[in-house]
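For reference, the structure is listed below as structure tokens.
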Amino acid sequence: MTRVLLVTGLVGGGVGRHVQQLTGELVHRGHDVRVACPPEVATRLHLADAGADVVPVHIGAAPAPHRDRGTVTDLARAMAGVDVVHAHGVRAGALAALARGRGEDRPALVVTLHNAAPGGRLRAALHAGLERVVARQADLVLGVSADLVARARVLGAPQVDRAVVPAARARPGRSAEDVRTELGVGDRPLVVSVGRLAPQKGFDRLLETMATQDLGGMLLLVGEGPQRPALSRQVERLRLPVLLLGHREDVPDLLGAADVAVSAARWEGQPVWLQEALSVGLPVVATDVGGTRDVLDGAGVLVPGEDLDALVAAVCRLLADPEARAEQARLSRARSDRLPTAGEAADAALTAYQRACGSRRTR
């Protein structure tokens with residue numbers, strides 16, 4: 001039995017889902033699992049119901065010196081008696097490194113990096129500082145994309161590897177006809193894009209490009225975020241065929257009703273929604289950024305990260321060519337069948353824990 005402390009901050013989306021599935025798999029296999037995280041995250045992910053011992057700690061998205069000192073103290077207490085600490089995200093990893101101390105009996109530390117540096121000079125500089133702490137202190141650093149792995153190596157992390165994250169698979173509950181009737185789009189071609197309405201996802205530049213190229217169909221933007229008002233004004237100003245659907249609980253149904261999925265992201269780790277799109281056989285067109293290429297692995301159409309004209313043109317070609325869409329749908333399903341399962345991700349995590357414990361003993 002391995003005694004594991006998982007540490008995470010205010011996460012959602014793919015990171016939260018990964019922590020939730022890893023917790024469930026480890027508990028199911030008989031390991032002793034604690035999870036240190038904000039109370040609202042534990043509630044949303046049902047971590048106590050999964051059998052984990054939940055330790056409430058506050059790890060926000062931005063530094064807060066007074067609160068962070070208390071978090072380090074709480075984490076140090078939570079580490080008592082554990083074999084390995086597995087932190088998710090650079091802030092959680094840096095705080096866990098500080099809490100672990102320097103004693104010979106300290107637990108091994110594994111940190112999974114899920115995101116690239118944020119925009120803005122100050123935020124990027126803070127992120128870089130935390131990355132250095134993680135690289136110097138962690139026994140093993142895992143990255144969800146090749147660029148994060150390369151970054152950790154450049155910073156001098158002693159052991160670095162790719163993280164194995166279980167794939168998301170969608171199961172539509174309604175027919176495409178019912179979904180289209182609800183949306184009032186009739187037989188128009190449907191293109192869908194899912195994600196937080198924030199600069200990283202590139203929705204703003206996708207809309208600007210659509211103003212110069214006729215998409216030939218309706219675009220569904222699914223998600224909420226700080227850019228919602230600006231994107232709404234952009235759609236109205238440019239008179240674009242776009243529906244801003246906000247947060248939806250029926251994303252699998254929307255994917256099943258669409259003709260093409262498009263990602264205009266400036267960066268992605270292992271995008272969950274694209275994995276779901278693959279699982280329903282949806283053709284994908286995406287910018288070649290972060291871990292998107294690795295997720296698609298030959299399925300879908302990739303364009304350079306800054307070439308939005310090529311992105312929209314590729315969508316238009318697919319909408320106009322049923323045979324090409326059918327071939328891309330076949331590739332999507334085949335790729336989905338090869339994506340990691342929750343069990344395979346847990347196997348990889350346990351192997352990582354063994355490596356980290358060995359590294360801790362020899363460093």
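As shown in the structure tokens, the chain order sets the letters A, B, ...; within each chain, residues go from 1, and ligands are also counted from 1 in the order they appear.
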Could I get the residues of region 186-299 of chain A with an atom no further than 9 Å from an atom of region 324-328 of chain A, each paired with its nearest atom pair and that distance in Å to one decimal, using only C-alpha atoms, sorted by chain and residue number, as JSON lines?
```
{"residue": "A:Asp259", "atom": "CA", "partner": "A:Arg325", "partner_atom": "CA", "distance": 8.0}
{"residue": "A:Val260", "atom": "CA", "partner": "A:Arg325", "partner_atom": "CA", "distance": 8.0}
{"residue": "A:Gly281", "atom": "CA", "partner": "A:Gln328", "partner_atom": "CA", "distance": 7.9}
{"residue": "A:Leu282", "atom": "CA", "partner": "A:Gln328", "partner_atom": "CA", "distance": 7.5}
{"residue": "A:Pro283", "atom": "CA", "partner": "A:Gln328", "partner_atom": "CA", "distance": 5.0}
{"residue": "A:Val284", "atom": "CA", "partner": "A:Gln328", "partner_atom": "CA", "distance": 7.5}
{"residue": "A:Ala299", "atom": "CA", "partner": "A:Gln328", "partner_atom": "CA", "distance": 6.7}
```
With a distance cut-off of 9 Å and only C-alpha atoms, select the neighbouring residues of His86 (chain A), excluding the residue or stretch itself and same-chain residues fewer than 5 positions from it, and output the selection as a list of chain:residue names.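 The residues satisfying every condition are A:Val4, A:Leu5, A:Leu6, A:Val7, A:Thr8, A:Gly93, A:Ala96, A:Ala108, A:Leu109, A:Val110, A:Val111, A:Thr112, A:Tyr353.
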Can those selected residues be exported to a file as a compact mmCIF listing (two decimals), in the first residue's frame so that it contains N, CA and C atoms?
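Final output, part31.txt:
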```
# COMPACT_ATOMS: atom_id res chain seq x y z
N VAL A 4 -0.40 8.25 -0.20
CA VAL A 4 -0.25 9.34 -1.16
C VAL A 4 -0.99 10.57 -0.67
N LEU A 5 -0.35 11.72 -0.81
CA LEU A 5 -1.02 13.01 -0.60
C LEU A 5 -1.09 13.72 -1.94
N LEU A 6 -2.29 13.90 -2.47
CA LEU A 6 -2.51 14.69 -3.68
C LEU A 6 -2.77 16.13 -3.26
N VAL A 7 -2.16 17.07 -3.97
CA VAL A 7 -2.29 18.49 -3.65
C VAL A 7 -2.74 19.23 -4.89
N THR A 8 -3.77 20.04 -4.76
CA THR A 8 -4.23 20.83 -5.89
C THR A 8 -4.88 22.11 -5.40
N GLY A 93 2.61 22.82 -6.58
CA GLY A 93 3.91 22.17 -6.50
C GLY A 93 4.91 22.97 -5.69
N ALA A 96 3.97 22.85 -2.00
CA ALA A 96 4.28 21.53 -1.45
C ALA A 96 5.78 21.37 -1.24
N ALA A 108 8.67 11.68 -0.90
CA ALA A 108 9.03 12.01 -2.27
C ALA A 108 8.02 13.02 -2.82
N LEU A 109 8.47 13.84 -3.77
CA LEU A 109 7.60 14.88 -4.35
C LEU A 109 7.55 14.73 -5.87
N VAL A 110 6.33 14.53 -6.36
CA VAL A 110 6.05 14.51 -7.80
C VAL A 110 5.17 15.72 -8.10
N VAL A 111 5.50 16.46 -9.14
CA VAL A 111 4.69 17.62 -9.54
C VAL A 111 4.30 17.47 -11.00
N THR A 112 3.00 17.54 -11.28
CA THR A 112 2.52 17.54 -12.66
C THR A 112 2.22 18.97 -13.09
N TYR A 353 5.58 7.34 -8.86
CA TYR A 353 5.83 7.42 -7.43
C TYR A 353 7.05 6.57 -7.04
```
Nearest residue to Leu26 (chain A) out of A:Val272, A:Val235, A:Val84, A:Ala50, using only C-alpha atoms?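 Of the candidates, the smallest distance to Leu26 (chain A) is held by A:Ala50.
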For His18 (chain A), please output as a PyMOL selection string all residues within 12 Å (counting only C-alpha atoms; exclusion window: fewer than 6 positions along the same chain). chain A and resi 6+8+11-12+24-25+45+47+87-89+112+114+144+163-168+270-272+340-343+345-346+349
Taking the chain letters and numbering used in this document, name the residues of region 244-360 of chain A that DSSP puts in alpha helix (DSSP H), as a count of residues only. 68
Atom pair CA of Arg317 (chain A) / CA of Gly246 (chain A): separation (Å):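 Atom-to-atom, CA of Arg317 (chain A) and CA of Gly246 (chain A) are spaced 27.4 Å apart.
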For region 240-242 of chain A: contacts at 12 Å, only C-alpha atoms, fewer than 5 positions along chain excluded, given as a PyMOL selection string: chain A and resi 183+185+188-193+203+206-222+231-235
Write down as a ChimeraX atom specification the residues of region 67-135 of chain A whose backbone DSSP state falls under strand (DSSP E or B). /A:84-88,108-113
Residue nearest Asp294 (chain A) among A:Ala138, A:Ala265, A:Leu245, A:Ala146 (counting only C-alpha atoms):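 The closest residue to Asp294 (chain A) is A:Ala146.
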Neighbouring residues of region 62-78 of chain A were defined as those with any atom within 6 Å, considering only C-alpha atoms; residues of the same chain fewer than 5 positions away were excluded. Please report them as a list in words.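 Final neighbour list, sorted by chain and number: Val57, Leu95 and Ala99 of chain A.
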Would you save the residues from that selection as an mmCIF file, in the first residue's frame, using all heavy atoms?
```cif
data_model
loop_
_atom_site.group_PDB
_atom_site.id
_atom_site.type_symbol
_atom_site.label_atom_id
_atom_site.label_comp_id
_atom_site.auth_asym_id
_atom_site.auth_seq_id
_atom_site.Cartn_x
_atom_site.Cartn_y
_atom_site.Cartn_z
ATOM 1 N N VAL A 57 -7.241 23.046 2.377
ATOM 2 C CA VAL A 57 -6.190 24.060 2.305
ATOM 3 C C VAL A 57 -6.599 25.075 1.239
ATOM 4 O O VAL A 57 -7.381 24.762 0.341
ATOM 5 C CB VAL A 57 -4.807 23.471 1.951
ATOM 6 C CG1 VAL A 57 -4.320 22.511 3.017
ATOM 7 C CG2 VAL A 57 -4.834 22.794 0.593
ATOM 8 N N LEU A 95 4.290 25.270 -3.335
ATOM 9 C CA LEU A 95 3.901 25.278 -1.924
ATOM 10 C C LEU A 95 4.191 23.931 -1.263
ATOM 11 O O LEU A 95 4.629 23.867 -0.108
ATOM 12 C CB LEU A 95 2.421 25.632 -1.792
ATOM 13 C CG LEU A 95 2.051 27.076 -2.159
ATOM 14 C CD1 LEU A 95 0.540 27.253 -2.213
ATOM 15 C CD2 LEU A 95 2.664 28.064 -1.184
ATOM 16 N N ALA A 99 6.628 23.136 1.931
ATOM 17 C CA ALA A 99 6.097 22.443 3.113
ATOM 18 C C ALA A 99 6.887 21.178 3.426
ATOM 19 O O ALA A 99 6.934 20.748 4.583
ATOM 20 C CB ALA A 99 4.630 22.081 2.874
#
```
Can you list, as a ChimeraX atom specification, every protein, DNA or RNA residue that comes within 9 Å of Gly256 (chain A) when you count only C-alpha atoms, leaving out same-chain residues fewer than 4 positions away? /A:170-172,174-176,179,251-252,277,280-282
Let me see the file: selected residues, N, CA and C atoms, as a compact mmCIF listing (two decimals), in the first residue's frame.
```txt
# COMPACT_ATOMS: atom_id res chain seq x y z
N ALA A 170 -17.08 11.14 -24.62
CA ALA A 170 -18.44 11.69 -24.57
C ALA A 170 -19.46 10.62 -24.94
N ARG A 171 -20.61 10.72 -24.29
CA ARG A 171 -21.71 9.82 -24.60
C ARG A 171 -22.98 10.65 -24.79
N PRO A 172 -23.25 11.05 -26.02
CA PRO A 172 -24.45 11.86 -26.27
C PRO A 172 -25.71 11.14 -25.81
N ARG A 174 -28.86 12.58 -26.59
CA ARG A 174 -29.96 12.97 -27.48
C ARG A 174 -29.50 12.87 -28.92
N SER A 175 -30.45 12.78 -29.82
CA SER A 175 -30.12 12.70 -31.23
C SER A 175 -29.69 14.07 -31.74
N ALA A 176 -28.94 14.07 -32.85
CA ALA A 176 -28.51 15.32 -33.47
C ALA A 176 -29.72 16.15 -33.90
N VAL A 179 -31.17 18.05 -30.91
CA VAL A 179 -30.30 19.16 -30.50
C VAL A 179 -30.43 20.32 -31.48
N VAL A 251 -22.60 19.08 -23.28
CA VAL A 251 -21.55 19.20 -24.30
C VAL A 251 -21.49 17.96 -25.19
N PRO A 252 -21.59 16.72 -24.65
CA PRO A 252 -21.59 15.55 -25.54
C PRO A 252 -22.69 15.61 -26.61
N ALA A 277 -14.52 15.17 -28.50
CA ALA A 277 -14.88 15.28 -29.91
C ALA A 277 -14.40 14.06 -30.69
N VAL A 280 -16.70 10.89 -30.30
CA VAL A 280 -17.97 10.82 -31.03
C VAL A 280 -17.74 10.87 -32.54
N GLY A 281 -16.48 10.77 -32.97
CA GLY A 281 -16.18 10.76 -34.40
C GLY A 281 -16.33 12.10 -35.07
N LEU A 282 -16.05 13.17 -34.35
CA LEU A 282 -16.19 14.50 -34.92
C LEU A 282 -14.87 14.92 -35.57
```
Using Å and a single decimal, report how far CA of Pro226 (chain A) sits from CA of Arg196 (chain A).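 Value for the CA of Arg196 (chain A)-CA of Pro226 (chain A) distance: 8.3 Å.
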Distance CA of Gly30 (chain A)-CA of Thr43 (chain A), one decimal place?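 CA of Thr43 (chain A) lies at a distance of 22.1 Å from CA of Gly30 (chain A).
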